[in-house]
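Notes to accompany the following structure.
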Amino acid sequence: MKSTVLTFALLLPCAALLAAEPAGVEFDGMADYAVVEDGALFDLDAFTLAACVKLDKTAGAQIVLGRGESGQLFTLYVYSDTVRMLVEYAPEKYTHANVPVPPAGKWVHLAGSYDGQTIKLYVDGKLAAETKAVGRIAKSDAPLMIGAVGPGSRTLDGRLDRVCVFSEALSDNAVARLAGGDMPKADSLVAFWTAESAEEEVWKNAVAGGPDAARKKGSLLICRKENGYRGIWYSNQAQGDEYVFKYSGGLGTYCAKHRPFAVYAPEVDKTFFCYGGTEGEGSKRTLLHMVSYYDHKTGMVPRPLLLLDKHTDDAHDNPVISMDEKGHIWIFSSSHGTGRPSFVSVSKEPYSIDDFELVHTTNFSYTQPYYLHGQGFFFLHTRYGDGGRQLFQMTSPDGRTWSEGEKLAMIEKGHYQVSWPCGNKVGTAFNMHPSPDGLNWRTNLYYMETEDLGKTWKNVQGERIELPLTEVDNPALVHDFRREKRNVYMKDVAYDAEGRPVILVLTSGGWESGPIHDPRTWQTARWTGSAWEIRSVTNSDNNYDTGSLYVEDDGLWRIIGPTEPGPQRYNTGGEVAIWTSSDQGTTWKRLRQLTHDSEMNHGYCRKPINAHPDFYALWADGHGRQLSESRLYFCNRDGSKVYMLPVEMEGEFARPVPVQ
């Protein structure tokens, strides 16, 4: 039974409440949030939002109250060392009033209002900032979110109490009274929640006849078995011609800067893998982080595990996988920029995909974690900020406690990188975005490596590198492609028997799809011990044709990738082939074409850590020019066997479907 507004007369004044250190309602910064599904109740011409807030940390983006996605409708939130009251005052136009974020561990009363003319932001009852925003918030039935913008997204790390929504912009005096514990003009009060009104999973609204907020605890991880393997379809940057997109297709194993997607565990003779999946159709598709394995003993796969819903269709948010020395499976759930959170999850049992635990919520992009035996995790990734894509590293002994991020490089507008381990060494190869050309341009090639979890970095000659790299001409430079006016697309790194790096790239004359920028040349850069030797392998027809490079124990070099023209010419991917070189990349021959007469392009062939000969590359297919289904494939080392993972499963296990 709901309380009436008379309840307010029983409340302590806010000053006394704050002095008494109220318990508040805890939000854990990961999965806790509350939502009022009936958002139409908050479709207001004017409003005031208010809450008592105590932050446990002040970093990142954290929602107090909001409706709509980032930059939509209204949000009272913490972002970049400020508290903001944001209003979308016209379609796709928003602005916000800002004040410095209060210190962590201190209760503060925050209030934001909007009257169709001005946004105001108050701290402890005093007007602290205002800005003009003439208009009207768009009509919408979007839910009211408390403590997050969505499940696991921009989650609050701290406590809330006395959360209020009014259907008018309160006067300065009324807000001051509200901060002091007095409830003004109760007839305009839409909703009011207190710590006392929180019961288990329901946070009750104290306004008679008002909505309830369903309290969600730990709801981020789904951990549900699905009935088949279906990949995400994604496109990026329409270009207005017959080729439609810069890149597109079945991108469940996208992108080259995400790695690894699979790892072989000899202890159980299984290859564990993850991918970006979906269960939706059309515009309703959403990116699902999926986890599974191939059992080499039985030749079967189980139903894949749906770990979490990323609440986007952007394949940049795809997961990657790692495994610690005890056999626990770690999933790193990436984000594209800072608009969504990133997650780290771990299996509750070794070598099992049945259940996972969420252990970390933060933000990272282009995710590359490696577990090094006896040392722990070494985590290379990208962070957006300071005008570009910055390369960073972090370490962790156990996946639960992490070092502070350390910047590795930020040259001009930033970088894309690929990396790979070799024993206790990890090397990274990267390009740079030249200024002022923009992010569609990427050139030059750099390489550096570390043997002590990033404490020191050296170039391939063994010379120590001072970080972060900020100059174009630096000791890590492999080749000056900028002088040649060539774009450089990063593909892979491998090592020969002496631990010398070999880098795989694709170079072209520009970023658009189509023949205009031919030739698109697959090239290797090999360190001979005294110089970098750059050789060409073959040509293909899209900048985002992506495969894997293997340098095998007998010295044979192998590339598995979509080098052959596919049904959607000049779009991402094509038909998959294997190329080999027995003379360290001097000459190459096409050993075998793995896919033929396909209806859709195949792309993003990815190698596992410690790859087993029977599961040597994983990839997906999809239409290059229009939304389509996407299926998952893998092959053995010589390409004589190619399998499609079952799209529909009736039992708990199924055999992959041979396609040749």
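Naming scheme: A, B, ... for chains in displayed order of the structure tokens; residues 1 onward per chain; ligands 1 onward as shown.
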Backbone-only DSSP, strand (DSSP E) members of stretch 270-443 of chain A, as JSON, numbers by chain: {"A": [270, 271, 272, 273, 274, 275, 276, 277, 288, 289, 290, 291, 292, 293, 294, 295, 301, 302, 305, 306, 307, 308, 309, 319, 320, 321, 322, 323, 329, 330, 331, 332, 333, 342, 343, 344, 345, 346, 347, 356, 357, 358, 359, 360, 361, 362, 365, 366, 367, 368, 369, 370, 371, 372, 376, 377, 378, 379, 380, 381, 382, 383, 384, 385, 388, 389, 390, 391, 392, 393, 394, 395, 396, 406, 407, 408, 409, 417, 418, 419, 420, 421, 422, 425, 426, 427, 428, 429, 430, 431, 432, 443]}
For stretch 625-634 of chain A: contacts at 6 Å, only C-alpha atoms, fewer than 6 positions along chain excluded, given as a VMD selection string: chain A and resid 230 to 231 244 250 617 to 619 642 to 645
Residues within 7 Å of A:Phe332, only C-alpha atoms, excluding chain neighbours under 4 positions, as a PyMOL selection string: chain A and resi 319-321+343-345
Writer output for current selection, N, CA and C atoms, as a tab-separated table (two decimals), in the first residue's frame:
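Saved as again29.tsv:
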chain	number	residue	atom	x	y	z
A	319	PRO	N	32.82	-8.48	-27.72
A	319	PRO	CA	33.65	-8.99	-26.62
A	319	PRO	C	34.93	-9.64	-27.12
A	320	VAL	N	35.90	-9.80	-26.22
A	320	VAL	CA	37.05	-10.67	-26.46
A	320	VAL	C	37.21	-11.58	-25.25
A	321	ILE	N	38.12	-12.56	-25.38
A	321	ILE	CA	38.20	-13.63	-24.38
A	321	ILE	C	39.64	-13.79	-23.89
A	343	PHE	N	32.81	-3.83	-19.53
A	343	PHE	CA	32.70	-4.76	-18.42
A	343	PHE	C	33.76	-5.84	-18.49
A	344	VAL	N	34.13	-6.36	-17.33
A	344	VAL	CA	34.98	-7.54	-17.23
A	344	VAL	C	34.21	-8.58	-16.43
A	345	SER	N	34.05	-9.78	-17.00
A	345	SER	CA	33.32	-10.87	-16.34
A	345	SER	C	34.18	-12.12	-16.33
Contacts of A:Val268 within 10 Å, only C-alpha atoms, excl. fewer than 6 positions in-chain, as an mmCIF file with N, CA, C and O atoms, in the first residue's frame:
data_model
loop_
_atom_site.group_PDB
_atom_site.id
_atom_site.type_symbol
_atom_site.label_atom_id
_atom_site.label_comp_id
_atom_site.auth_asym_id
_atom_site.auth_seq_id
_atom_site.Cartn_x
_atom_site.Cartn_y
_atom_site.Cartn_z
ATOM 1 N N ASP A 295 34.474 -28.691 -28.638
ATOM 2 C CA ASP A 295 35.061 -29.834 -27.950
ATOM 3 C C ASP A 295 35.781 -30.698 -28.988
ATOM 4 O O ASP A 295 35.145 -31.349 -29.827
ATOM 5 N N HIS A 296 37.106 -30.712 -28.934
ATOM 6 C CA HIS A 296 37.877 -31.450 -29.934
ATOM 7 C C HIS A 296 37.723 -32.954 -29.777
ATOM 8 O O HIS A 296 37.920 -33.698 -30.755
ATOM 9 N N LYS A 297 37.375 -33.432 -28.595
ATOM 10 C CA LYS A 297 37.190 -34.870 -28.388
ATOM 11 C C LYS A 297 35.911 -35.367 -29.048
ATOM 12 O O LYS A 297 35.893 -36.444 -29.654
ATOM 13 N N GLY A 327 42.167 -21.842 -15.462
ATOM 14 C CA GLY A 327 41.126 -22.243 -16.401
ATOM 15 C C GLY A 327 39.873 -21.400 -16.366
ATOM 16 O O GLY A 327 38.901 -21.716 -17.063
ATOM 17 N N TYR A 351 37.007 -23.670 -16.887
ATOM 18 C CA TYR A 351 36.670 -24.360 -18.132
ATOM 19 C C TYR A 351 35.164 -24.551 -18.295
ATOM 20 O O TYR A 351 34.714 -25.515 -18.917
#
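Counting only C-alpha atoms, A:Gly39 has the following residues at most 6 Å away, ignoring those fewer than 5 positions along the same chain: A:Asp141, A:Ala142, A:Pro143, A:Leu144.
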Close residues, stretch 647-655 of chain A itself excluded, 8 Å, only C-alpha atoms, min 3 positions apart in chain, as JSON, numbers by chain: {"A": [227, 228, 229, 230, 299, 300, 301, 302, 303, 631]}
Go ahead and save the residues from that selection, with all heavy atoms, as an mmCIF file, in the first residue's frame.
data_model
loop_
_atom_site.group_PDB
_atom_site.id
_atom_site.type_symbol
_atom_site.label_atom_id
_atom_site.label_comp_id
_atom_site.auth_asym_id
_atom_site.auth_seq_id
_atom_site.Cartn_x
_atom_site.Cartn_y
_atom_site.Cartn_z
ATOM 1 N N ASN A 227 19.626 -21.082 -28.562
ATOM 2 C CA ASN A 227 19.382 -22.283 -29.354
ATOM 3 C C ASN A 227 20.139 -22.294 -30.673
ATOM 4 O O ASN A 227 19.804 -23.047 -31.590
ATOM 5 C CB ASN A 227 17.887 -22.452 -29.627
ATOM 6 C CG ASN A 227 17.345 -21.390 -30.573
ATOM 7 O OD1 ASN A 227 17.998 -20.364 -30.798
ATOM 8 N ND2 ASN A 227 16.162 -21.629 -31.119
ATOM 9 N N GLY A 228 21.177 -21.443 -30.804
ATOM 10 C CA GLY A 228 21.949 -21.458 -32.029
ATOM 11 C C GLY A 228 22.905 -20.290 -32.106
ATOM 12 O O GLY A 228 22.943 -19.421 -31.231
ATOM 13 N N TYR A 229 23.700 -20.302 -33.182
ATOM 14 C CA TYR A 229 24.771 -19.332 -33.375
ATOM 15 C C TYR A 229 24.384 -18.341 -34.466
ATOM 16 O O TYR A 229 24.264 -18.709 -35.644
ATOM 17 C CB TYR A 229 26.065 -20.060 -33.747
ATOM 18 C CG TYR A 229 26.604 -20.926 -32.636
ATOM 19 C CD1 TYR A 229 26.043 -22.179 -32.361
ATOM 20 C CD2 TYR A 229 27.678 -20.513 -31.859
ATOM 21 C CE1 TYR A 229 26.536 -22.978 -31.342
ATOM 22 C CE2 TYR A 229 28.189 -21.303 -30.836
ATOM 23 C CZ TYR A 229 27.607 -22.534 -30.586
ATOM 24 O OH TYR A 229 28.095 -23.323 -29.580
ATOM 25 N N ARG A 230 24.191 -17.091 -34.087
ATOM 26 C CA ARG A 230 23.818 -16.038 -35.028
ATOM 27 C C ARG A 230 24.648 -14.797 -34.722
ATOM 28 O O ARG A 230 24.666 -14.313 -33.585
ATOM 29 C CB ARG A 230 22.325 -15.721 -34.909
ATOM 30 C CG ARG A 230 21.427 -16.874 -35.319
ATOM 31 C CD ARG A 230 19.965 -16.605 -35.033
ATOM 32 N NE ARG A 230 19.678 -16.696 -33.602
ATOM 33 C CZ ARG A 230 19.404 -17.838 -32.972
ATOM 34 N NH1 ARG A 230 19.399 -18.985 -33.636
ATOM 35 N NH2 ARG A 230 19.143 -17.844 -31.682
ATOM 36 N N GLY A 299 33.908 -33.373 -31.168
ATOM 37 C CA GLY A 299 33.590 -32.695 -32.417
ATOM 38 C C GLY A 299 32.272 -31.943 -32.362
ATOM 39 O O GLY A 299 31.655 -31.705 -33.406
ATOM 40 N N MET A 300 31.826 -31.528 -31.150
ATOM 41 C CA MET A 300 30.531 -30.877 -31.001
ATOM 42 C C MET A 300 30.684 -29.529 -30.296
ATOM 43 O O MET A 300 31.705 -29.237 -29.667
ATOM 44 C CB MET A 300 29.574 -31.783 -30.226
ATOM 45 C CG MET A 300 29.372 -33.161 -30.842
ATOM 46 S SD MET A 300 28.194 -34.190 -29.943
ATOM 47 C CE MET A 300 26.659 -33.539 -30.563
ATOM 48 N N VAL A 301 29.627 -28.732 -30.405
ATOM 49 C CA VAL A 301 29.537 -27.464 -29.686
ATOM 50 C C VAL A 301 28.266 -27.479 -28.841
ATOM 51 O O VAL A 301 27.261 -28.092 -29.218
ATOM 52 C CB VAL A 301 29.505 -26.249 -30.644
ATOM 53 C CG1 VAL A 301 30.827 -26.097 -31.362
ATOM 54 C CG2 VAL A 301 28.345 -26.349 -31.635
ATOM 55 N N PRO A 302 28.283 -26.810 -27.679
ATOM 56 C CA PRO A 302 27.062 -26.700 -26.870
ATOM 57 C C PRO A 302 26.216 -25.529 -27.352
ATOM 58 O O PRO A 302 26.625 -24.760 -28.234
ATOM 59 C CB PRO A 302 27.621 -26.420 -25.475
ATOM 60 C CG PRO A 302 28.822 -25.577 -25.765
ATOM 61 C CD PRO A 302 29.419 -26.140 -27.029
ATOM 62 N N ARG A 303 25.048 -25.395 -26.780
ATOM 63 C CA ARG A 303 24.304 -24.151 -26.985
ATOM 64 C C ARG A 303 25.167 -22.990 -26.475
ATOM 65 O O ARG A 303 25.738 -23.081 -25.395
ATOM 66 C CB ARG A 303 22.984 -24.167 -26.209
ATOM 67 C CG ARG A 303 21.945 -25.143 -26.742
ATOM 68 C CD ARG A 303 20.723 -25.158 -25.837
ATOM 69 N NE ARG A 303 19.701 -26.061 -26.316
ATOM 70 C CZ ARG A 303 18.616 -25.666 -26.997
ATOM 71 N NH1 ARG A 303 18.417 -24.382 -27.233
ATOM 72 N NH2 ARG A 303 17.722 -26.554 -27.402
ATOM 73 N N ARG A 631 26.214 -15.759 -40.139
ATOM 74 C CA ARG A 631 26.528 -17.069 -39.592
ATOM 75 C C ARG A 631 28.009 -17.130 -39.230
ATOM 76 O O ARG A 631 28.827 -16.369 -39.766
ATOM 77 C CB ARG A 631 26.170 -18.146 -40.617
ATOM 78 C CG ARG A 631 24.675 -18.146 -40.950
ATOM 79 C CD ARG A 631 24.359 -18.784 -42.275
ATOM 80 N NE ARG A 631 24.947 -18.087 -43.400
ATOM 81 C CZ ARG A 631 24.599 -18.273 -44.677
ATOM 82 N NH1 ARG A 631 23.639 -19.131 -44.964
ATOM 83 N NH2 ARG A 631 25.199 -17.612 -45.645
#
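Using only C-alpha atoms, the nearest neighbour of A:Asp473 within the list A:Trp193, A:Tyr446, A:Phe378, A:Phe272 is A:Tyr446.
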Neighbour list for A:His289 as a PyMOL selection string, cut-off 9 Å, only C-alpha atoms, skip fewer than 6 positions in-chain: chain A and resi 274-278+305-310+317-319+331+333
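Between A:Gly147 and the residues A:Asp32, A:Asp324, A:Glu463, A:Asp45, the shortest atom-to-atom distance, using only C-alpha atoms, involves A:Asp32.
Take the candidates A:Glu130, A:Val53, A:Pro151, A:Ser419 and check each one against A:Lys106 using only C-alpha atoms; the shortest distance goes to A:Val53.
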Distance criterion (only C-alpha atoms): nearest to A:Ser70 out of A:Gly339, A:Gly112, A:Pro562, A:Pro304: A:Gly339
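Here atom CA of A:Asn440 is placed at a distance of 12.5 Å from atom CA of A:Arg389.
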